[in-house]
file my_file-v4.txt (compact mmCIF, C-alpha atoms)
# COMPACT_ATOMS: atom_id res chain seq x y z
CA MET A 127 26.15 1.03 16.96
CA THR A 128 29.70 -0.27 16.68
CA PRO A 129 31.61 -1.39 19.82
CA ILE A 130 33.75 1.73 19.79
CA GLU A 131 30.70 3.98 19.51
CA ALA A 132 29.08 2.16 22.43
CA GLN A 133 32.25 2.41 24.49
CA ASP A 134 32.63 6.14 23.91
CA SER A 135 28.93 6.71 24.53
CA ASP A 136 29.35 4.98 27.90
CA LEU A 137 32.39 7.17 28.55
CA ARG A 138 30.39 10.33 27.92
CA LYS A 139 27.66 9.11 30.27
CA MET A 140 30.19 8.18 32.96
CA ILE A 141 32.13 11.46 32.90
CA GLY A 142 29.18 13.60 31.85
CA GLN A 143 30.84 16.98 31.44
CA PHE A 144 34.43 18.17 31.42
CA ARG A 145 34.88 20.30 34.53
CA VAL A 146 37.40 23.16 34.70
CA LEU A 147 38.38 25.49 37.54
CA ILE A 148 39.57 28.83 36.20
CA ILE A 149 41.57 31.09 38.51
CA GLY A 150 42.89 34.61 38.05
CA ARG A 151 42.53 38.12 39.32
CA ARG A 152 39.91 40.49 37.96
CA ASN A 153 40.43 41.77 34.42
CA ALA A 154 42.70 38.85 33.59
CA GLY A 155 40.35 37.95 30.73
CA LYS A 156 38.78 34.84 32.27
CA THR A 157 35.22 35.43 31.03
CA THR A 158 36.51 36.23 27.54
CA ILE A 159 38.45 32.96 27.49
CA LEU A 160 35.42 30.93 28.53
CA ARG A 161 33.29 32.56 25.85
CA LYS A 162 35.91 31.83 23.20
CA VAL A 163 36.21 28.22 24.32
CA CYS A 164 32.44 27.87 24.07
CA ASP A 165 32.21 29.93 20.87
CA THR A 166 29.63 32.36 22.19
CA THR A 167 29.13 35.96 23.28
CA ASP A 168 26.34 35.10 25.70
CA ASN A 169 26.55 34.96 29.45
CA PRO A 170 26.68 31.53 31.05
CA GLU A 171 23.93 29.94 33.06
CA ILE A 172 24.97 29.63 36.71
CA TYR A 173 23.77 26.91 39.05
CA ASP A 174 23.99 26.88 42.82
CA THR A 175 25.29 23.97 44.89
CA ASN A 176 21.83 22.35 44.77
CA GLY A 177 21.75 22.47 40.96
CA LYS A 178 19.17 25.27 40.89
CA LYS A 179 19.60 27.80 38.08
CA ILE A 180 20.30 31.35 39.25
CA LYS A 181 18.24 34.14 37.70
CA ASP A 182 19.72 35.89 34.66
CA ASP A 183 19.80 39.35 36.26
CA GLU A 184 21.78 37.96 39.19
CA VAL A 185 24.18 36.25 36.77
CA LYS A 186 24.77 39.51 34.90
CA ALA A 187 25.47 41.37 38.14
CA THR A 188 27.86 38.66 39.31
CA ILE A 189 29.86 38.80 36.06
CA GLU A 190 30.02 42.61 36.12
CA ARG A 191 31.28 42.66 39.71
CA GLY A 192 33.63 39.73 39.17
CA ASN A 193 32.54 38.19 42.49
CA HIS A 194 32.13 34.51 41.72
CA ASN A 195 31.30 31.72 44.11
CA ILE A 196 33.76 28.93 43.43
CA ARG A 197 31.16 26.27 44.27
CA GLN A 198 28.65 27.51 41.73
CA ALA A 199 28.80 25.91 38.29
CA MET A 200 28.80 27.89 35.05
CA VAL A 201 27.52 26.32 31.82
CA PHE A 202 27.24 27.96 28.39
CA LYS A 203 24.31 26.86 26.23
CA SER A 204 26.58 26.65 23.19
CA LYS A 205 28.88 24.10 24.90
CA PRO A 206 26.99 22.25 27.62
CA GLU A 207 29.77 19.63 27.60
CA PHE A 208 31.82 22.01 29.76
CA VAL A 209 31.25 22.99 33.38
CA PHE A 210 33.31 25.87 34.76
CA HIS A 211 34.02 27.03 38.29
CA ASP A 212 35.46 30.51 38.72
CA SER A 213 37.68 31.46 41.61
CA CYS A 214 38.38 35.15 41.91
CA GLY A 215 42.02 36.14 42.24
CA PHE A 216 43.69 36.64 45.57
CA GLU A 217 45.01 40.15 45.00
CA GLY A 218 43.08 41.24 48.06
CA GLY A 219 45.05 38.75 50.12
CA SER A 220 41.90 37.22 51.63
CA GLU A 221 42.99 34.20 53.66
CA GLU A 222 39.37 33.03 53.88
CA GLU A 223 38.97 32.94 50.08
CA PHE A 224 42.29 31.17 49.69
CA GLU A 225 41.42 28.46 52.20
CA GLU A 226 38.00 28.02 50.58
CA MET A 227 39.70 27.49 47.22
CA LYS A 228 42.14 24.93 48.71
CA GLN A 229 39.30 23.03 50.33
CA PHE A 230 37.27 23.04 47.12
CA ILE A 231 40.19 21.63 45.10
CA SER A 232 40.89 18.96 47.72
CA GLU A 233 37.26 17.87 47.82
CA ARG A 234 36.94 17.70 44.04
CA GLU A 235 40.29 15.98 43.58
CA ASN A 236 39.21 13.22 45.99
CA GLU A 237 35.62 13.03 44.72
CA THR A 238 34.68 9.40 44.05
CA ARG A 239 32.23 10.35 41.28
CA LEU A 240 34.26 11.04 38.17
CA GLU A 241 31.73 13.53 36.80
CA GLU A 242 32.04 15.68 39.94
CA ARG A 243 35.82 15.94 39.92
CA ILE A 244 37.73 18.96 38.69
CA HIS A 245 39.48 17.66 35.59
CA ALA A 246 41.78 20.63 34.90
CA ILE A 247 42.74 24.02 36.33
CA TRP A 248 43.40 27.07 34.17
CA TYR A 249 45.41 29.66 36.06
CA CYS A 250 45.26 33.01 34.22
CA ILE A 251 48.08 35.52 34.56
CA SER A 252 47.68 38.81 32.73
CA MET A 253 50.70 40.19 30.89
CA ASP A 254 49.34 43.73 30.50
CA ASP A 255 51.84 44.93 33.13
CA PRO A 256 55.15 43.01 32.95
CA SER A 257 56.32 44.66 36.17
CA ARG A 258 53.66 42.78 38.18
CA THR A 259 52.83 39.62 36.26
CA ILE A 260 52.32 37.50 39.36
CA GLN A 261 51.71 38.85 42.82
CA ARG A 262 52.83 37.27 46.06
CA SER A 263 49.25 36.39 46.96
CA GLU A 264 48.91 34.52 43.65
CA GLU A 265 52.28 32.83 43.94
CA LYS A 266 50.98 31.45 47.21
CA PHE A 267 48.71 29.15 45.19
CA PHE A 268 51.66 27.27 43.72
CA ILE A 269 53.62 27.28 46.99
CA GLU A 270 50.87 26.01 49.28
CA CYS A 271 48.14 24.37 47.21
CA ASN A 272 48.50 20.71 46.26
CA THR A 273 46.28 19.94 43.26
CA GLY A 274 47.19 16.26 43.23
CA ARG A 275 46.10 14.58 40.00
CA ILE A 276 44.51 17.75 38.63
CA PRO A 277 46.79 19.30 35.99
CA VAL A 278 47.36 23.05 36.09
CA VAL A 279 47.70 24.92 32.80
CA VAL A 280 48.99 28.47 33.20
CA VAL A 281 47.40 30.85 30.73
CA PHE A 282 49.31 34.06 30.01
CA THR A 283 46.55 36.39 28.87
CA LYS A 284 46.83 39.70 27.02
CA PHE A 285 50.27 38.65 25.80
CA ALA A 286 50.03 41.09 22.89
CA GLU A 287 50.41 43.92 25.42
CA LEU A 288 54.10 43.05 25.66
CA GLU A 289 54.58 44.10 22.04
CA SER A 290 53.72 47.74 22.78
CA VAL A 291 56.09 47.69 25.77
CA ALA A 292 58.82 46.12 23.63
CA TYR A 293 58.30 48.72 20.89
CA GLY A 294 58.63 51.55 23.40
CA LYS A 295 61.95 50.16 24.59
CA ILE A 296 63.62 49.71 21.20
CA LYS A 297 61.77 52.07 18.83
CA LYS A 298 64.91 54.16 18.24
CA GLN A 299 66.63 51.04 16.87
CA LEU A 300 63.85 50.18 14.42
CA GLY A 301 64.17 52.99 11.91
CA GLY A 302 64.81 51.91 8.31
CA LEU A 303 64.42 48.19 8.98
CA SER A 304 62.55 45.86 6.66
CA LYS A 305 59.22 44.44 7.82
CA GLU A 306 60.82 41.06 8.47
CA GLU A 307 63.68 42.52 10.52
CA PHE A 308 61.27 44.84 12.36
CA ALA A 309 59.09 41.88 13.35
CA ARG A 310 62.12 39.83 14.38
CA ARG A 311 63.46 42.59 16.65
CA ILE A 312 60.05 43.05 18.30
CA THR A 313 59.73 39.30 18.86
CA GLU A 314 63.18 39.13 20.43
CA SER A 315 62.38 42.08 22.69
CA VAL A 316 59.08 40.50 23.76
CA GLU A 317 60.84 37.25 24.66
CA GLU A 318 63.45 39.18 26.62
CA LEU A 319 60.76 41.07 28.52
CA PHE A 320 58.94 37.83 29.30
CA THR A 321 62.12 36.13 30.51
CA ASN A 322 63.03 39.09 32.69
CA THR A 323 59.72 38.90 34.55
CA GLY A 324 61.04 35.71 36.14
CA VAL A 325 57.51 34.34 36.20
CA LEU A 326 58.48 30.88 34.90
CA ASP A 327 61.18 30.51 37.55
CA ARG A 328 58.72 31.39 40.27
CA LEU A 329 56.06 29.02 38.97
CA ASN A 330 58.53 26.13 38.75
CA HIS A 331 60.40 26.71 42.00
CA SER A 332 61.48 23.47 43.64
CA ASN A 333 59.69 24.43 46.86
CA ASN A 334 56.30 24.73 45.17
CA ARG A 335 53.75 22.07 46.02
CA THR A 336 52.20 22.51 42.57
CA CYS A 337 53.90 23.28 39.27
CA PRO A 338 52.16 23.86 35.95
CA LYS A 339 51.92 20.94 33.52
CA SER A 340 52.03 23.37 30.60
CA TYR A 341 51.83 27.03 29.56
CA VAL A 342 49.75 28.83 26.98
CA ARG A 343 50.09 32.34 25.59
CA LEU A 344 46.91 34.06 24.46
CA GLU A 345 47.22 37.22 22.42
CA ASP A 346 44.28 39.61 21.97
CA MET A 347 41.15 37.57 22.70
CA THR A 348 38.91 40.51 21.76
CA GLU A 349 39.63 39.89 18.08
CA PRO A 350 36.61 38.30 16.31
CA ASN A 351 38.64 35.43 14.86
CA ALA A 352 40.60 34.71 18.03
CA ASN A 353 40.24 31.23 19.48
CA CYS A 354 41.55 29.11 22.33
CA ASN A 355 42.56 26.05 20.33
CA ASN A 356 46.08 26.12 21.79
CA LEU A 357 44.63 26.18 25.31
CA LEU A 358 42.41 23.18 24.58
CA GLU A 359 45.28 21.29 22.98
CA SER A 360 47.60 22.05 25.88
CA THR A 361 44.94 20.93 28.35
CA THR A 362 44.32 17.72 26.40
CA PHE A 363 47.94 16.65 26.54
CA ALA A 364 48.30 17.76 30.17
CA LEU A 365 45.80 15.06 31.14
CA ASP A 366 47.47 11.84 32.22
CA ASP A 367 44.24 9.86 32.03
CA LYS A 368 43.62 8.93 28.39
CA GLU A 369 39.89 8.50 28.99
CA LEU A 370 39.67 12.05 30.31
CA ARG A 371 41.72 13.17 27.34
CA LEU A 372 39.23 11.49 25.05
CA CYS A 373 36.35 13.11 26.92
CA LEU A 374 37.82 16.56 26.26
CA VAL A 375 38.41 15.78 22.59
CA LEU A 376 34.78 14.67 22.29
CA THR A 377 33.77 18.25 23.12
CA GLN A 378 35.89 19.54 20.21
CA GLN A 379 34.39 17.83 17.18
CA SER A 380 35.18 20.78 14.92
CA ASN A 381 38.86 20.84 15.96
CA MET A 382 40.15 18.33 13.43
CA GLU A 383 43.77 19.28 14.05
CA LEU A 384 43.48 18.27 17.72
CA CYS A 385 41.83 14.98 16.78
CA ILE A 386 44.69 14.18 14.40
CA LYS A 387 47.38 15.08 16.95
CA CYS A 388 45.79 12.75 19.50
CA ALA A 389 45.57 9.98 16.91
CA VAL A 390 49.23 10.43 16.00
CA ALA A 391 50.14 10.31 19.72
CA THR A 392 48.31 6.99 19.89
CA LEU A 393 50.29 5.74 16.91
CA VAL A 394 53.53 6.70 18.60
CA ASP A 395 52.47 5.00 21.85
CA TYR A 396 51.74 1.81 19.93
CA ALA A 397 55.02 2.06 18.05
CA LEU A 398 57.11 2.49 21.20
CA GLY A 399 55.17 -0.02 23.29
CA PRO A 400 55.03 -3.81 23.14
CA PRO A 401 54.06 -5.33 19.77
CA ARG A 402 50.33 -5.51 19.02
CA ILE A 403 48.98 -8.23 16.80
CA ASN A 404 45.31 -7.19 16.89
CA LEU A 405 45.18 -4.91 13.87
CA GLU A 406 41.51 -4.04 14.27
CA ASP A 407 41.99 -2.96 17.90
CA TYR A 408 45.00 -0.92 16.82
CA GLN A 409 42.94 0.92 14.23
CA TYR A 410 39.97 1.46 16.51
CA GLN A 411 42.19 3.01 19.18
CA ILE A 412 43.06 5.61 16.54
CA ILE A 413 39.49 6.03 15.29
CA ARG A 414 38.26 6.89 18.78
CA TRP A 415 39.77 10.36 18.45
CA PHE A 416 37.39 11.25 15.60
CA PRO A 417 33.94 11.52 17.25
CA HIS A 418 32.32 13.02 14.16
CA LEU A 419 32.80 9.90 12.04
CA TYR A 420 30.58 6.92 11.40
CA VAL A 421 32.53 3.71 11.12
CA ARG A 422 32.01 1.30 8.29
CA ARG A 423 33.60 -1.84 9.62
CA THR A 424 35.30 -2.80 6.39
CA LEU A 425 38.97 -3.55 5.85
CA ILE A 426 40.25 -3.10 2.33
CA GLN A 427 43.50 -4.75 1.31
CA SER A 428 45.74 -2.34 -0.59
CA ASP A 429 49.17 -2.93 -2.07
CA HIS A 430 50.89 -1.73 1.11
CA ALA A 431 48.51 -2.06 4.05
CA LEU A 432 45.05 -2.72 5.34
CA ILE A 433 42.76 0.29 5.10
CA MET A 434 39.75 0.95 7.30
CA VAL A 435 37.23 3.32 5.71
CA LEU A 436 35.31 5.77 7.84
CA THR A 437 32.50 7.65 6.18
CA ASN A 438 30.54 10.85 6.71
CA VAL A 439 33.47 13.28 6.89
CA PRO A 440 32.24 16.58 5.43
CA ARG A 441 34.57 18.78 3.37
CA TRP A 442 37.86 17.24 4.42
CA PHE A 443 39.52 13.96 5.19
CA ALA A 444 42.72 12.78 6.80
CA VAL A 445 45.25 10.14 5.98
CA LEU A 446 47.44 8.45 8.53
CA ASP A 447 50.03 6.60 6.49
CA PRO A 448 53.23 4.67 7.20
CA CYS A 449 56.35 6.79 7.50
CA LEU A 450 58.74 5.12 5.08
CA SER A 451 61.84 6.41 6.84
CA SER A 452 60.67 4.94 10.14
CA PRO A 453 58.45 1.87 9.67
CA CYS A 454 57.22 1.83 13.26
CA LEU A 455 55.97 5.41 13.30
CA ALA A 456 53.30 7.22 11.30
CA ALA A 457 52.80 10.72 9.97
CA ALA A 458 49.50 12.52 9.65
CA ARG A 459 48.34 15.01 7.09
CA LEU A 460 45.13 17.00 7.10
CA LEU A 461 43.84 17.32 3.55
CA THR A 462 41.24 19.57 2.04
CA GLY A 463 40.06 18.16 -1.26
CA SER A 464 43.25 16.97 -2.89
CA LYS A 465 45.51 19.65 -1.42
CA CYS A 466 47.74 19.40 1.62
CA LEU A 467 47.85 22.12 4.24
CA ASP A 468 50.93 23.61 2.59
CA GLY A 469 49.02 23.96 -0.69
CA SER A 470 50.90 21.19 -2.50
CA ARG A 471 49.09 18.51 -4.45
CA SER A 472 48.50 15.22 -2.69
CA SER A 473 49.25 11.82 -4.17
CA THR A 474 46.16 10.49 -2.39
CA ASN A 475 43.61 12.37 -4.49
CA ALA A 476 42.31 9.11 -5.90
CA TYR A 477 40.71 8.33 -2.53
CA HIS A 478 37.10 9.25 -1.85
CA PRO A 479 37.08 12.87 -0.60
CA HIS A 480 34.58 12.08 2.18
CA ALA A 481 36.50 9.27 3.86
CA LEU A 482 39.08 8.99 6.52
CA LEU A 483 41.61 6.32 5.63
CA LEU A 484 43.68 4.76 8.36
CA LEU A 485 46.62 2.76 7.10
CA ALA A 486 48.24 0.33 9.48
CA CYS A 487 51.97 0.48 10.03
call {"tool": "encode", "arguments": {"input": "my_file-v4.txt", "output": "structure tokens"}}
result
Amino acid sequence: MTPIEAQDSDLRKMIGQFRVLIIGRRNAGKTTILRKVCDTTDNPEIYDTNGKKIKDDEVKATIERGNHNIRQAMVFKSKPEFVFHDSCGFEGGSEEEFEEMKQFISERENETRLEERIHAIWYCISMDDPSRTIQRSEEKFFIECNTGRIPVVVVFTKFAELESVAYGKIKKQLGGLSKEEFARRITESVEELFTNTGVLDRLNHSNNRTCPKSYVRLEDMTEPNANCNNLLESTTFALDDKELRLCLVLTQQSNMELCIKCAVATLVDYALGPPRINLEDYQYQIIRWFPHLYVRRTLIQSDHALIMVLTNVPRWFAVLDPCLSSPCLAAARLLTGSKCLDGSRSSTNAYHPHALLLLAC
């Protein structure tokens, strides 16, 4: 095992699982999101505060009723790297439930054991009714609840519902338009509707104790090919702790695009920070973001740079190469065979198709 593999293995053992608190009123699409994140249609396994698994029939009844205990942990067999806690929405205005949620967040934010902390909060707001996107009882969360170091990512669910509302408002203006112009008008109307809800202003009010670190729009999650990659990416970059960020990426081995974006962010950090003279450390800090690779600790001298070869990359490979117009930065391209994502031919097709080549700036 290489040093970097040992280090990341220790990281996984230390953090254990990535823990998320998901909040939102009933029918906001929370369970659908969790299933998409974990790539499954099954129900989760639920564990009580003592770590005892709750019976499957009780789990099914809990999900159907939407009455979740925030202290119980949900784990999907397909993605045991995640632990979820579900807090029902506060549309009922229950002060007891709200105070329980605040106490739970405070306890987990100050938990000394890293694996027991809440690492991120997903706050789901349904857009199926733009006239009531966020209720006063929900807005109370951002006004009164201090999440401290825990980043909050607001998830606007069912965003596609705004398209039907937008169409109803401007359908008389759409006759005879080309497909491109039709789509453009609908998009503009959707953005106008979203802006007019005022939800962003309310979430970012200066009096709020908590403001979202980022926002994500999810369209129709009932579609078979729908995924939550943008939610996972937004969560990754909302994390200030790079080790936690790495822990989340380690759960997403199939999301090569996210791995590359994190590697490029590392390149930029190195470029803008103090000069580094340890080339191998520089390269390994990039390699860490690719958990599905085995490292062959070999540096090959090319005409322009040192190249570290990583093997066992099925079907695709990536090249991080110097950006000629800006020597201190680097660009990344995800390649499939010898073609770039845009379908053009790559000048790197002489490289082995099952290797990741990292070129030092």
call {"tool": "residues_around", "arguments": {"input": "my_file-v4.txt", "residues": "Gly142 in chain A", "least_positions_apart": "5", "cutoff": "9 Å", "atoms": "only C-alpha atoms", "output": "tab-separated table (two decimals) with C-alpha atoms, in the coordinates of the input"}}
result
chain	number	residue	atom	x	y	z
A	137	LEU	CA	32.39	7.17	28.55
A	207	GLU	CA	29.77	19.63	27.60
A	240	LEU	CA	34.26	11.04	38.17
A	241	GLU	CA	31.73	13.53	36.80
A	242	GLU	CA	32.04	15.68	39.94
A	373	CYS	CA	36.35	13.11	26.92
call {"tool": "atom_distance", "arguments": {"input": "my_file-v4.txt", "atom1": "CA of Cys388 in chain A", "atom2": "CA of Asn330 in chain A"}}
result
26.7 Å
call {"tool": "closest_residue", "arguments": {"input": "my_file-v4.txt", "among": "A:Cys271, A:Cys354, A:Met200, A:Ser252", "to": "Glu226 in chain A", "atoms": "all atoms listed in the file"}}
result
A:Cys271
call {"tool": "closest_residue", "arguments": {"input": "my_file-v4.txt", "among": "A:Ser290, A:Asn236, A:Leu374, A:Thr283", "to": "Arg152 in chain A", "atoms": "all atoms listed in the file"}}
result
A:Thr283
call {"tool": "residues_near_point", "arguments": {"input": "my_file-v4.txt", "point": "(34.9, 20.2, 35.1)", "cutoff": "7 Å", "atoms": "all atoms listed in the file", "output": "VMD selection string"}}
result
chain A and resid 143 to 147 208 to 210 243 to 246
call {"tool": "residues_around", "arguments": {"input": "my_file-v4.txt", "residues": "range 291-302 of chain A", "least_positions_apart": "2", "cutoff": "12 Å", "atoms": "all atoms listed in the file", "output": "PyMOL selection string"}}
result
chain A and resi 253-257+285-289+304-320
call {"tool": "closest_residue", "arguments": {"input": "my_file-v4.txt", "among": "A:Asp168, A:Ile251, A:Gln198, A:Leu398", "to": "Tyr341 in chain A", "atoms": "all atoms listed in the file"}}
result
A:Ile251
call {"tool": "atom_distance", "arguments": {"input": "my_file-v4.txt", "atom1": "CA of Phe230 in chain A", "atom2": "CA of Lys266 in chain A"}}
result
16.1 Å
call {"tool": "atom_distance", "arguments": {"input": "my_file-v4.txt", "atom1": "CA of Ile276 in chain A", "atom2": "CA of Ile180 in chain A"}}
result
27.8 Å
call {"tool": "axis_aligned_box", "arguments": {"input": "my_file-v4.txt", "around": "range 149-155 of chain A", "padding_each_side": "5 Å", "output": "JSON"}}
result
{"center_x": 41.4, "center_y": 36.4, "center_z": 35.0, "size_x": 13.0, "size_y": 20.7, "size_z": 18.6}
call {"tool": "closest_residue", "arguments": {"input": "my_file-v4.txt", "among": "A:Arg275, A:Phe282, A:Cys385, A:Asp327", "to": "Met347 in chain A", "atoms": "all atoms listed in the file"}}
result
A:Phe282
